>>> print(open('target13.txt').read())   # compact mmCIF, C-alpha atoms
# COMPACT_ATOMS: atom_id res chain seq x y z
CA MET A 3 -59.59 -72.91 39.13
CA LYS A 4 -62.02 -74.79 36.96
CA ARG A 5 -64.50 -71.94 37.27
CA LEU A 6 -61.82 -69.41 36.35
CA LEU A 7 -60.83 -71.41 33.27
CA TYR A 8 -64.50 -71.75 32.29
CA PHE A 9 -65.00 -67.99 32.77
CA LEU A 10 -61.87 -67.24 30.71
CA LYS A 11 -62.97 -69.60 27.93
CA LYS A 12 -66.42 -68.00 27.79
CA SER A 13 -64.88 -64.51 27.70
CA PHE A 14 -62.57 -65.51 24.87
CA ASP A 15 -65.52 -67.00 22.95
CA VAL A 16 -67.48 -63.77 23.22
CA PHE A 17 -64.40 -61.74 22.36
CA ASP A 18 -63.66 -64.02 19.38
CA LYS A 19 -67.24 -63.74 18.07
CA ALA A 20 -67.20 -59.94 18.42
CA MET A 21 -63.86 -59.67 16.61
CA LYS A 22 -65.04 -61.94 13.81
CA GLU A 23 -68.23 -59.92 13.40
CA ASP A 24 -66.27 -56.71 13.46
CA SER A 25 -63.71 -57.97 10.95
CA THR A 26 -66.43 -59.16 8.58
CA SER A 27 -68.69 -56.11 8.95
CA PHE A 28 -67.30 -54.44 5.82
CA ILE A 29 -67.49 -57.67 3.85
CA ARG A 30 -71.08 -58.16 5.01
CA LYS A 31 -71.92 -54.61 3.92
CA GLN A 32 -70.28 -55.33 0.54
CA LEU A 33 -72.29 -58.54 0.33
CA GLU A 34 -75.52 -56.65 1.02
CA GLU A 35 -74.63 -54.15 -1.72
CA GLU A 36 -74.01 -56.99 -4.18
CA GLU A 37 -77.26 -58.69 -3.23
CA ASN A 38 -79.15 -55.39 -3.44
CA ILE A 39 -77.78 -54.76 -6.94
CA PHE A 40 -78.69 -58.31 -7.94
CA ALA A 41 -82.24 -57.72 -6.66
CA LEU A 42 -82.52 -54.35 -8.44
CA ILE A 43 -81.28 -55.78 -11.73
CA THR A 44 -83.55 -58.81 -11.66
CA MET A 45 -86.63 -57.06 -10.30
CA GLY A 46 -86.20 -53.67 -11.91
CA ILE A 47 -89.38 -54.36 -13.89
CA PHE A 48 -91.35 -53.18 -10.83
CA SER A 49 -89.60 -49.79 -10.83
CA GLY A 50 -88.94 -49.08 -14.50
CA ILE A 51 -85.27 -50.16 -14.60
CA PRO A 52 -84.22 -52.19 -17.69
CA SER A 53 -84.37 -55.76 -16.56
CA PRO A 54 -83.66 -59.25 -17.87
CA PRO A 55 -86.20 -61.02 -20.08
CA THR A 56 -89.23 -61.83 -17.98
CA GLY A 57 -88.58 -65.59 -18.16
CA ILE A 58 -85.39 -65.32 -16.09
CA VAL A 59 -87.08 -63.16 -13.44
CA LEU A 60 -90.01 -65.55 -13.12
CA ARG A 61 -87.69 -68.51 -12.65
CA ILE A 62 -85.67 -67.07 -9.79
CA LEU A 63 -88.36 -64.92 -8.11
CA PRO A 64 -89.57 -67.69 -5.71
CA HIS A 65 -86.03 -67.95 -4.28
CA MET A 66 -85.35 -64.23 -3.82
CA SER A 67 -86.65 -63.76 -0.26
CA ARG A 68 -83.34 -62.52 1.18
CA GLU A 69 -82.68 -60.23 -1.78
CA ILE A 70 -86.19 -58.76 -1.62
CA SER A 71 -85.84 -58.08 2.11
CA ILE A 72 -82.46 -56.36 1.52
CA MET A 73 -83.96 -54.28 -1.29
CA ILE A 74 -86.88 -53.21 0.91
CA LYS A 75 -84.53 -52.38 3.80
CA ARG A 76 -82.26 -50.35 1.50
CA SER A 77 -85.23 -48.50 0.00
CA ALA A 78 -86.44 -47.62 3.50
CA ASN A 79 -83.00 -46.23 4.45
CA LEU A 80 -82.58 -44.23 1.24
CA ASP A 81 -83.66 -40.98 2.89
CA ASP A 82 -80.61 -41.17 5.17
CA VAL A 83 -77.84 -42.58 2.99
CA PHE A 84 -75.35 -40.31 4.79
CA GLY A 85 -76.37 -41.69 8.18
CA GLU A 86 -76.04 -45.24 6.89
CA ILE A 87 -72.52 -44.68 5.56
CA MET A 88 -71.50 -43.05 8.84
CA GLY A 89 -72.92 -46.07 10.65
CA THR A 90 -70.82 -48.38 8.46
CA PHE A 91 -67.68 -46.55 9.56
CA ASN A 92 -68.84 -46.45 13.19
CA VAL A 93 -68.94 -42.64 13.22
CA ASP A 94 -71.31 -41.39 15.97
CA MET B 24 -88.80 -84.72 -35.56
CA ASN B 25 -88.79 -81.79 -37.97
CA VAL B 26 -90.24 -78.48 -36.82
CA TYR B 27 -91.63 -75.99 -39.33
CA TYR B 28 -92.28 -72.32 -38.58
CA PHE B 29 -94.28 -70.12 -40.94
CA LEU B 30 -93.56 -66.41 -40.45
CA GLY B 31 -95.13 -63.40 -42.08
CA LYS B 32 -97.14 -60.23 -41.65
CA GLY B 33 -100.78 -60.46 -40.67
CA GLY B 34 -102.97 -61.31 -43.68
CA VAL B 35 -100.27 -62.70 -46.03
CA GLY B 36 -101.66 -66.25 -45.76
CA LYS B 37 -99.47 -67.87 -43.06
CA THR B 38 -102.36 -69.92 -41.72
CA THR B 39 -103.40 -71.24 -45.14
CA VAL B 40 -99.83 -72.12 -46.11
CA SER B 41 -99.01 -73.74 -42.74
CA ALA B 42 -102.29 -75.68 -42.75
CA ALA B 43 -101.67 -76.86 -46.34
CA TRP B 44 -98.11 -77.84 -45.44
CA SER B 45 -99.30 -79.89 -42.48
CA VAL B 46 -101.92 -81.65 -44.63
CA GLY B 47 -99.22 -82.48 -47.19
CA LEU B 48 -96.91 -83.95 -44.54
CA ALA B 49 -99.74 -86.00 -43.04
CA LYS B 50 -100.65 -87.33 -46.50
CA LYS B 51 -97.08 -88.64 -46.81
CA GLY B 52 -97.74 -90.72 -43.70
CA LEU B 53 -95.90 -88.47 -41.22
CA LYS B 54 -97.60 -88.10 -37.85
CA THR B 55 -98.06 -84.32 -37.86
CA LEU B 56 -99.21 -81.69 -35.39
CA VAL B 57 -100.19 -78.26 -36.67
CA ALA B 58 -100.30 -75.64 -33.90
CA SER B 59 -101.44 -72.04 -34.04
CA ILE B 60 -99.50 -69.85 -31.62
CA ASP B 61 -100.94 -66.69 -33.17
CA PRO B 62 -103.33 -65.05 -30.68
CA ALA B 63 -105.60 -64.24 -33.66
CA HIS B 64 -106.31 -67.88 -34.47
CA ASN B 65 -107.53 -68.86 -37.94
CA LEU B 66 -106.54 -72.52 -38.08
CA GLY B 67 -110.11 -73.67 -37.48
CA ASP B 68 -111.27 -71.49 -40.39
CA ALA B 69 -108.63 -73.04 -42.69
CA PHE B 70 -109.71 -76.57 -41.77
CA ALA B 71 -113.41 -75.58 -41.76
CA THR B 72 -113.74 -77.16 -38.33
CA PRO B 73 -113.59 -75.69 -34.82
CA ILE B 74 -110.20 -76.22 -33.18
CA SER B 75 -109.68 -75.64 -29.46
CA ASP B 76 -106.74 -75.28 -27.09
CA ARG B 77 -106.72 -79.06 -26.60
CA ILE B 78 -104.97 -81.18 -29.24
CA MET B 79 -107.56 -82.82 -31.48
CA HIS B 80 -107.47 -85.28 -34.38
CA ILE B 81 -108.15 -83.88 -37.85
CA ASN B 82 -107.47 -87.19 -39.57
CA ALA B 83 -105.45 -90.39 -39.09
CA HIS B 84 -102.08 -88.63 -39.29
CA LEU B 85 -102.92 -85.03 -38.47
CA ASP B 86 -103.64 -83.35 -35.15
CA ALA B 87 -104.28 -79.65 -34.56
CA VAL B 88 -104.36 -77.18 -31.67
CA GLU B 89 -104.89 -73.44 -31.17
CA VAL B 90 -102.74 -72.52 -28.17
CA ASN B 91 -104.35 -70.06 -25.74
CA ILE B 92 -101.31 -67.96 -24.84
CA GLU B 93 -103.28 -65.58 -22.61
CA GLU B 94 -104.58 -68.46 -20.53
CA MET B 95 -101.03 -69.89 -20.27
CA ILE B 96 -99.77 -66.55 -18.96
CA ARG B 97 -102.64 -66.27 -16.47
CA ALA B 98 -102.21 -69.84 -15.17
CA TYR B 99 -98.44 -69.50 -14.85
CA LEU B 100 -98.59 -66.19 -12.98
CA ASN B 101 -101.32 -67.54 -10.67
CA GLU B 102 -99.12 -70.50 -9.81
CA LEU B 103 -96.17 -68.21 -9.19
CA SER B 104 -98.24 -65.83 -7.09
CA THR B 105 -99.44 -68.70 -4.87
CA LYS B 106 -95.86 -69.98 -4.49
CA MET B 107 -94.66 -66.48 -3.59
CA LYS B 108 -97.44 -65.92 -1.03
CA ASN B 109 -96.53 -69.21 0.65
CA THR B 110 -92.80 -68.48 0.63
CA TYR B 111 -92.92 -64.81 1.56
CA ARG B 112 -95.48 -64.43 4.28
CA TYR B 113 -94.68 -60.77 4.94
CA LEU B 114 -95.11 -59.97 1.25
CA SER B 115 -98.78 -60.90 1.44
CA ALA B 116 -99.15 -57.75 3.51
CA MET B 117 -97.75 -55.83 0.51
CA ASN B 118 -100.57 -57.04 -1.74
CA ILE B 119 -98.32 -59.00 -4.08
CA ASP B 120 -101.20 -59.61 -6.53
CA ARG B 121 -100.81 -55.98 -7.59
CA TYR B 122 -97.25 -56.71 -8.76
CA PHE B 123 -98.37 -59.81 -10.69
CA ASP B 124 -100.92 -57.68 -12.51
CA ILE B 125 -97.96 -55.63 -13.76
CA LEU B 126 -96.15 -58.79 -14.89
CA LYS B 127 -99.17 -59.95 -16.89
CA ASN B 128 -98.63 -56.97 -19.23
CA SER B 129 -94.88 -56.65 -18.93
CA PRO B 130 -92.66 -56.61 -22.03
CA GLY B 131 -91.51 -60.11 -22.75
CA ILE B 132 -94.16 -62.12 -20.95
CA GLU B 133 -96.02 -63.00 -24.16
CA GLU B 134 -92.75 -64.00 -25.86
CA TYR B 135 -91.86 -66.14 -22.84
CA ALA B 136 -95.26 -67.86 -22.85
CA THR B 137 -95.10 -68.42 -26.64
CA MET B 138 -91.65 -70.01 -26.35
CA GLU B 139 -92.94 -72.18 -23.48
CA ALA B 140 -95.81 -73.31 -25.73
CA ILE B 141 -93.31 -74.19 -28.51
CA LYS B 142 -91.16 -76.12 -25.99
CA ARG B 143 -94.12 -78.09 -24.65
CA LEU B 144 -95.43 -79.06 -28.09
CA ILE B 145 -92.00 -80.07 -29.41
CA ALA B 146 -91.50 -82.15 -26.27
CA LEU B 147 -94.44 -84.37 -27.34
CA ARG B 148 -92.46 -87.21 -28.82
CA ASP B 149 -95.49 -88.71 -30.63
CA TYR B 150 -94.98 -86.64 -33.79
CA ASP B 151 -92.72 -86.84 -36.83
CA ALA B 152 -93.42 -83.19 -37.64
CA VAL B 153 -94.74 -80.12 -35.84
CA VAL B 154 -95.91 -77.13 -37.90
CA PHE B 155 -96.31 -73.73 -36.25
CA ASP B 156 -98.59 -71.00 -37.54
CA THR B 157 -96.88 -68.09 -35.83
CA PRO B 158 -97.96 -64.61 -34.66
CA PRO B 159 -97.21 -61.62 -36.95
CA THR B 160 -93.53 -61.20 -37.75
CA GLY B 161 -92.50 -58.72 -35.06
CA MET B 162 -93.65 -60.95 -32.22
CA THR B 163 -92.28 -64.14 -33.82
CA ILE B 164 -88.84 -62.60 -34.33
CA ARG B 165 -88.81 -61.61 -30.64
CA VAL B 166 -89.83 -65.16 -29.68
CA LEU B 167 -87.10 -66.73 -31.83
CA ALA B 168 -84.56 -64.22 -30.49
CA MET B 169 -85.53 -64.94 -26.90
CA PRO B 170 -83.15 -67.87 -26.27
CA PRO B 171 -79.92 -66.16 -27.45
CA VAL B 172 -80.84 -62.82 -25.81
CA SER B 173 -81.87 -64.50 -22.54
CA LEU B 174 -78.61 -66.47 -22.60
CA VAL B 175 -76.59 -63.26 -22.57
CA TRP B 176 -78.49 -62.02 -19.50
CA THR B 177 -78.33 -65.41 -17.77
CA GLU B 178 -74.54 -65.63 -18.21
CA GLN B 179 -74.15 -62.18 -16.63
CA LEU B 180 -76.47 -63.02 -13.74
CA ILE B 181 -74.52 -66.24 -13.14
CA LYS B 182 -71.30 -64.21 -12.95
CA MET B 183 -72.91 -61.79 -10.47
CA ARG B 184 -74.25 -64.66 -8.40
CA LYS B 185 -70.80 -66.32 -8.30
CA ARG B 186 -69.39 -63.08 -6.94
CA ILE B 187 -72.07 -62.93 -4.25
CA LEU B 188 -71.39 -66.55 -3.26
CA SER B 189 -67.66 -65.86 -3.19
CA THR B 190 -68.22 -62.87 -0.86
CA ARG B 191 -70.40 -65.06 1.37
CA GLY B 192 -67.55 -67.55 1.39
CA MET B 193 -65.22 -64.86 2.75
CA VAL B 194 -67.60 -64.20 5.65
CA GLU B 195 -68.05 -67.93 6.23
CA ARG B 196 -64.31 -68.57 6.41
CA VAL B 197 -63.95 -66.03 9.24
CA GLN B 198 -67.10 -66.44 11.30
CA GLY B 199 -68.34 -69.89 10.30
CA LYS B 200 -71.92 -70.51 9.12
CA PHE B 201 -73.45 -67.31 7.81
CA GLU B 202 -76.93 -66.84 9.23
CA ALA B 203 -79.42 -64.13 8.36
CA GLU B 204 -82.94 -63.33 9.38
CA VAL B 205 -85.34 -63.60 6.47
CA ASP B 206 -89.08 -63.22 6.85
CA GLY B 207 -88.76 -63.59 10.62
CA GLU B 208 -86.81 -66.84 10.39
CA LYS B 209 -83.11 -67.61 10.79
CA VAL B 210 -81.75 -69.07 7.57
CA VAL B 211 -78.25 -70.27 6.70
CA LEU B 212 -76.94 -68.48 3.60
CA SER B 213 -74.79 -70.95 1.77
CA SER B 214 -71.75 -69.96 -0.27
CA SER B 215 -71.93 -73.20 -2.23
CA GLU B 216 -73.30 -73.09 -5.78
CA LYS B 217 -74.95 -76.47 -5.23
CA GLU B 218 -76.88 -75.21 -2.20
CA ASP B 219 -77.89 -71.80 -3.57
CA PRO B 220 -81.37 -72.21 -5.14
CA ILE B 221 -80.96 -69.07 -7.28
CA MET B 222 -77.71 -70.34 -8.78
CA GLN B 223 -79.26 -73.75 -9.41
CA GLU B 224 -82.24 -72.13 -11.12
CA LEU B 225 -79.96 -69.93 -13.28
CA LEU B 226 -77.77 -72.89 -14.28
CA SER B 227 -80.79 -75.05 -15.10
CA TYR B 228 -82.40 -72.23 -17.13
CA ARG B 229 -79.12 -71.68 -18.99
CA GLU B 230 -79.14 -75.34 -20.09
CA GLU B 231 -82.74 -75.05 -21.28
CA LEU B 232 -81.93 -71.88 -23.23
CA ARG B 233 -78.88 -73.51 -24.85
CA ALA B 234 -81.04 -76.47 -25.90
CA LEU B 235 -83.66 -74.11 -27.37
CA ARG B 236 -81.04 -72.02 -29.18
CA ASP B 237 -79.44 -75.17 -30.64
CA MET B 238 -82.83 -76.57 -31.62
CA LEU B 239 -83.79 -73.39 -33.51
CA SER B 240 -80.54 -73.34 -35.47
CA SER B 241 -80.44 -77.11 -36.09
CA ASP B 242 -81.07 -78.91 -39.37
CA TYR B 243 -84.40 -80.09 -37.98
CA SER B 244 -85.84 -76.56 -37.81
CA TYR B 245 -87.34 -75.14 -40.97
CA VAL B 246 -88.15 -71.45 -40.81
CA ASN B 247 -90.25 -70.29 -43.76
CA ILE B 248 -91.43 -66.83 -44.69
CA VAL B 249 -94.83 -66.23 -46.26
CA THR B 250 -94.90 -62.90 -48.05
CA MET B 251 -96.22 -61.09 -51.10
CA ALA B 252 -94.49 -59.78 -54.21
CA GLU B 253 -94.47 -56.12 -53.13
CA ASP B 254 -91.60 -53.69 -52.52
CA LEU B 255 -92.23 -53.17 -48.81
CA ALA B 256 -92.69 -56.90 -48.30
CA LEU B 257 -89.32 -57.53 -50.00
CA PHE B 258 -87.56 -55.08 -47.64
CA GLU B 259 -89.15 -56.75 -44.66
CA THR B 260 -88.22 -60.23 -45.93
CA LYS B 261 -84.58 -59.24 -46.33
CA ARG B 262 -84.55 -57.71 -42.83
CA ILE B 263 -86.03 -60.88 -41.32
CA ILE B 264 -83.45 -63.08 -43.07
CA LYS B 265 -80.60 -60.86 -41.84
CA LEU B 266 -81.96 -60.72 -38.27
CA LEU B 267 -82.44 -64.46 -38.05
CA ASP B 268 -79.03 -65.05 -39.57
CA GLY B 269 -77.60 -63.07 -36.65
CA PHE B 270 -79.11 -65.70 -34.37
CA LYS B 271 -77.85 -68.51 -36.66
CA ILE B 272 -81.41 -69.39 -37.70
CA LYS B 273 -81.69 -70.30 -41.38
CA VAL B 274 -84.65 -69.37 -43.54
CA ARG B 275 -85.39 -72.32 -45.84
CA ASN B 276 -88.25 -71.20 -48.09
CA ILE B 277 -90.01 -68.04 -49.13
CA PHE B 278 -93.60 -68.46 -50.24
CA LEU B 279 -94.81 -65.62 -52.45
CA ASN B 280 -98.51 -65.72 -51.78
CA LYS B 281 -101.43 -64.07 -53.58
CA PHE B 282 -99.31 -63.90 -56.70
CA PHE B 283 -101.08 -62.38 -59.71
CA GLU B 284 -101.21 -64.88 -62.57
CA ILE B 285 -103.59 -63.19 -65.00
CA LYS B 286 -103.29 -63.60 -68.78
CA ASN B 287 -105.08 -60.38 -69.79
CA PRO B 288 -104.96 -58.18 -66.72
CA PRO B 289 -107.28 -55.17 -66.52
CA ASP B 290 -105.59 -51.74 -66.55
CA GLU B 291 -106.37 -51.21 -62.87
CA ILE B 292 -103.93 -53.90 -61.78
CA LYS B 293 -101.27 -53.68 -64.53
CA GLY B 294 -99.15 -51.49 -62.24
CA LYS B 295 -99.36 -54.10 -59.48
CA ILE B 296 -98.30 -56.87 -61.87
CA GLU B 297 -95.30 -54.84 -63.06
CA GLU B 298 -94.30 -54.22 -59.44
CA GLN B 299 -94.67 -57.94 -58.79
CA GLU B 300 -92.34 -58.87 -61.64
CA LYS B 301 -89.70 -56.35 -60.54
CA VAL B 302 -89.87 -57.62 -56.96
CA ILE B 303 -89.45 -61.22 -58.08
CA GLU B 304 -86.43 -60.28 -60.20
CA LYS B 305 -84.87 -58.45 -57.24
CA MET B 306 -85.66 -61.32 -54.90
CA LYS B 307 -83.95 -63.87 -57.12
CA THR B 308 -80.88 -61.64 -57.45
CA GLU B 309 -80.58 -60.46 -53.86
CA ILE B 310 -81.70 -63.49 -51.87
CA LYS B 311 -79.47 -66.49 -52.42
CA GLY B 312 -79.66 -69.98 -51.03
CA ILE B 313 -83.38 -69.83 -50.24
CA GLU B 314 -86.04 -71.52 -52.34
CA ILE B 315 -88.77 -69.17 -53.57
CA LYS B 316 -92.18 -70.62 -54.40
CA ASP B 317 -95.18 -68.81 -55.88
CA ILE B 318 -98.73 -69.37 -54.77
CA PRO B 319 -101.18 -67.59 -57.07
CA LEU B 320 -104.08 -65.46 -55.93
CA LEU B 321 -106.95 -67.94 -55.86
CA ARG B 322 -110.55 -67.33 -56.75
CA LYS B 323 -111.52 -68.32 -53.24
CA SER B 324 -109.64 -69.12 -50.03
CA PRO B 325 -109.15 -72.85 -49.56
CA ARG B 326 -111.21 -74.43 -46.81
CA GLY B 327 -111.01 -78.01 -45.59
CA ILE B 328 -108.47 -80.80 -46.02
CA ASP B 329 -109.06 -81.53 -49.71
CA GLU B 330 -108.65 -77.92 -50.82
CA LEU B 331 -105.61 -77.50 -48.58
CA PHE B 332 -104.01 -80.63 -50.02
CA ASN B 333 -104.67 -79.23 -53.49
CA ILE B 334 -102.62 -76.15 -52.53
CA TYR B 335 -99.84 -78.33 -51.14
CA SER B 336 -99.56 -80.64 -54.13
CA LYS B 337 -99.75 -77.84 -56.76
CA TYR B 338 -97.61 -75.14 -55.18
CA LEU B 339 -95.76 -76.19 -52.02
CA ALA B 340 -94.41 -79.70 -52.52
>>> encode(input="target13.txt", output="structure tokens")
Amino acid sequence: MKRLLYFLKKSFDVFDKAMKEDSTSFIRKQLEEEENIFALITMGIFSGIPSPPTGIVLRILPHMSREISIMIKRSANLDDVFGEIMGTFNVD
Amino acid sequence: MNVYYFLGKGGVGKTTVSAAWSVGLAKKGLKTLVASIDPAHNLGDAFATPISDRIMHINAHLDAVEVNIEEMIRAYLNELSTKMKNTYRYLSAMNIDRYFDILKNSPGIEEYATMEAIKRLIALRDYDAVVFDTPPTGMTIRVLAMPPVSLVWTEQLIKMRKRILSTRGMVERVQGKFEAEVDGEKVVLSSSEKEDPIMQELLSYREELRALRDMLSSDYSYVNIVTMAEDLALFETKRIIKLLDGFKIKVRNIFLNKFFEIKNPPDEIKGKIEEQEKVIEKMKTEIKGIEIKDIPLLRKSPRGIDELFNIYSKYLA
């Protein structure tokens, strides 16, 4: 009985985590978009986009590791934007 | 502490006037620092003594320095590059030095470094007065405009960052701590403004910019224009006054330098003298609330403290 309850609890935990991840997947995608835009706006100097005065960029650049990694990931996926969107909506 | 800025085109006599002004203040017993932030330094020539990028004594009440802006930029970017290489290990594979070479020449970096130099020198509490011999007008206007313009950007970036943190909060409320893999390591992405280093940096920078903006438009800042009595110079002077007024920075004095004061002028320069008189008339009519002082064209450029004090006592005081 104890083993059954333990097994049920574990199953519910996994199920709960999967549902939470699923329910937040769109929000996480939105978050990545917002962070990507933030990275592009602040670091546009490297790609010719109008960007904030250099002083602001220099101040926040040491803390932008996550934003830089998102920007690099998004740039790498740019040749298959369609595939990425389909992936977001779980279309195989 | 009063801070004096002397603006003007290259060659109008900014260095001479700012050096003379600083000598005059020092003679009154005020502990004064005169600083050249013009990359084409001439302060040493005006004082007839070499001046370096380390503050040095000229006399009992007067110190001087020629700020090396290029070296400041290089040192700052080197420090940043080292910090970045330590923080972003995978970026070292991308040859990040190449990107910092771009930054060295990027628009705005010289203005940023010049404003940093101004901040650092004003922060030295040992002085009653700091006098700045500034770069040619275009650059100086961009430097003085930097705090209000940067504030606009910073406010927008703060709004964007708040939105990002709010979205993170939504994820956090559903699935608990929000973890992400960054540079091969698991990091917790906080939704709290206090724990987000970017937000903290933006908020701290905003406070610094507000302090700079308020300092430039305060009663302790004296922006002066050194110009000549010529038509084009008058147009430029009016434009500068209007531009600075937009940033709530008041121009206090206009120094009309190299002013012809010749009793029996030769024919070759009669036209110039007539132009000069018309410009002065226009200036007095069209520019109100700003004191205009004439400094005549001298037989030779003043060199050394005594000659500079002579200029101050006769024409500037």
>>> residues_around(input="target13.txt", residues="stretch 59-64 of chain B", least_positions_apart="2", cutoff="7 Å", atoms="only C-alpha atoms", output="ChimeraX atom specification")
/B:57,66,88-90,92,137,155-158
>>> closest_residue(input="target13.txt", among="A:Lys11, A:Arg5, A:Lys75, A:Arg61", to="B:Ser227", atoms="all atoms listed in the file")
A:Arg61
>>> closest_residue(input="target13.txt", among="B:Leu53, B:Ala146, B:Val154, B:Leu174", to="chain A", atoms="all atoms listed in the file")
B:Leu174
>>> residues_around(input="target13.txt", residues="A:Asn38", least_positions_apart="2", cutoff="9 Å", atoms="all atoms listed in the file", output="PyMOL selection string")
chain A and resi 33-36+40-43+69-70+72-73+76
>>> closest_residue(input="target13.txt", among="B:Ile296, B:Val302, B:Ile277, B:Ala98", to="B:Val35", atoms="only C-alpha atoms")
B:Ile277
>>> interface_residues(input="target13.txt", of="chain B", to="chain A", cutoff="7 Å", atoms="only C-alpha atoms", output="PyMOL selection string")
chain B and resi 106-107+111+131-132+135+173+176+187+190-191+194+197-198+205+220-221+224
>>> write_last_selection(input="target13.txt", atoms="C-alpha atoms", output="compact mmCIF listing (two decimals), keeping the file's coordinate frame")
# COMPACT_ATOMS: atom_id res chain seq x y z
CA LYS B 106 -95.86 -69.98 -4.49
CA MET B 107 -94.66 -66.48 -3.59
CA TYR B 111 -92.92 -64.81 1.56
CA GLY B 131 -91.51 -60.11 -22.75
CA ILE B 132 -94.16 -62.12 -20.95
CA TYR B 135 -91.86 -66.14 -22.84
CA SER B 173 -81.87 -64.50 -22.54
CA TRP B 176 -78.49 -62.02 -19.50
CA ILE B 187 -72.07 -62.93 -4.25
CA THR B 190 -68.22 -62.87 -0.86
CA ARG B 191 -70.40 -65.06 1.37
CA VAL B 194 -67.60 -64.20 5.65
CA VAL B 197 -63.95 -66.03 9.24
CA GLN B 198 -67.10 -66.44 11.30
CA VAL B 205 -85.34 -63.60 6.47
CA PRO B 220 -81.37 -72.21 -5.14
CA ILE B 221 -80.96 -69.07 -7.28
CA GLU B 224 -82.24 -72.13 -11.12
>>> atom_distance(input="target13.txt", atom1="atom CA of B:Asn25", atom2="atom CA of B:Leu225")
28.8 Å
>>> atom_distance(input="target13.txt", atom1="atom CA of B:Asn280", atom2="atom CA of B:Arg165")
23.6 Å
>>> atom_distance(input="target13.txt", atom1="atom CA of B:Ile313", atom2="atom CA of B:Thr260")
11.6 Å
>>> residues_around(input="target13.txt", residues="stretch 229-245 of chain B", least_positions_apart="6", cutoff="6 Å", atoms="only C-alpha atoms", output="PyMOL selection string")
chain B and resi 25-27+170+271-272+275
>>> axis_aligned_box(input="target13.txt", around="stretch 69-77 of chain A", padding_each_side="4 Å", output="lines of an AutoDock Vina configuration file")
center_x = -84.6
center_y = -54.4
center_z = 1.0
size_x = 12.6
size_y = 19.7
size_z = 13.6
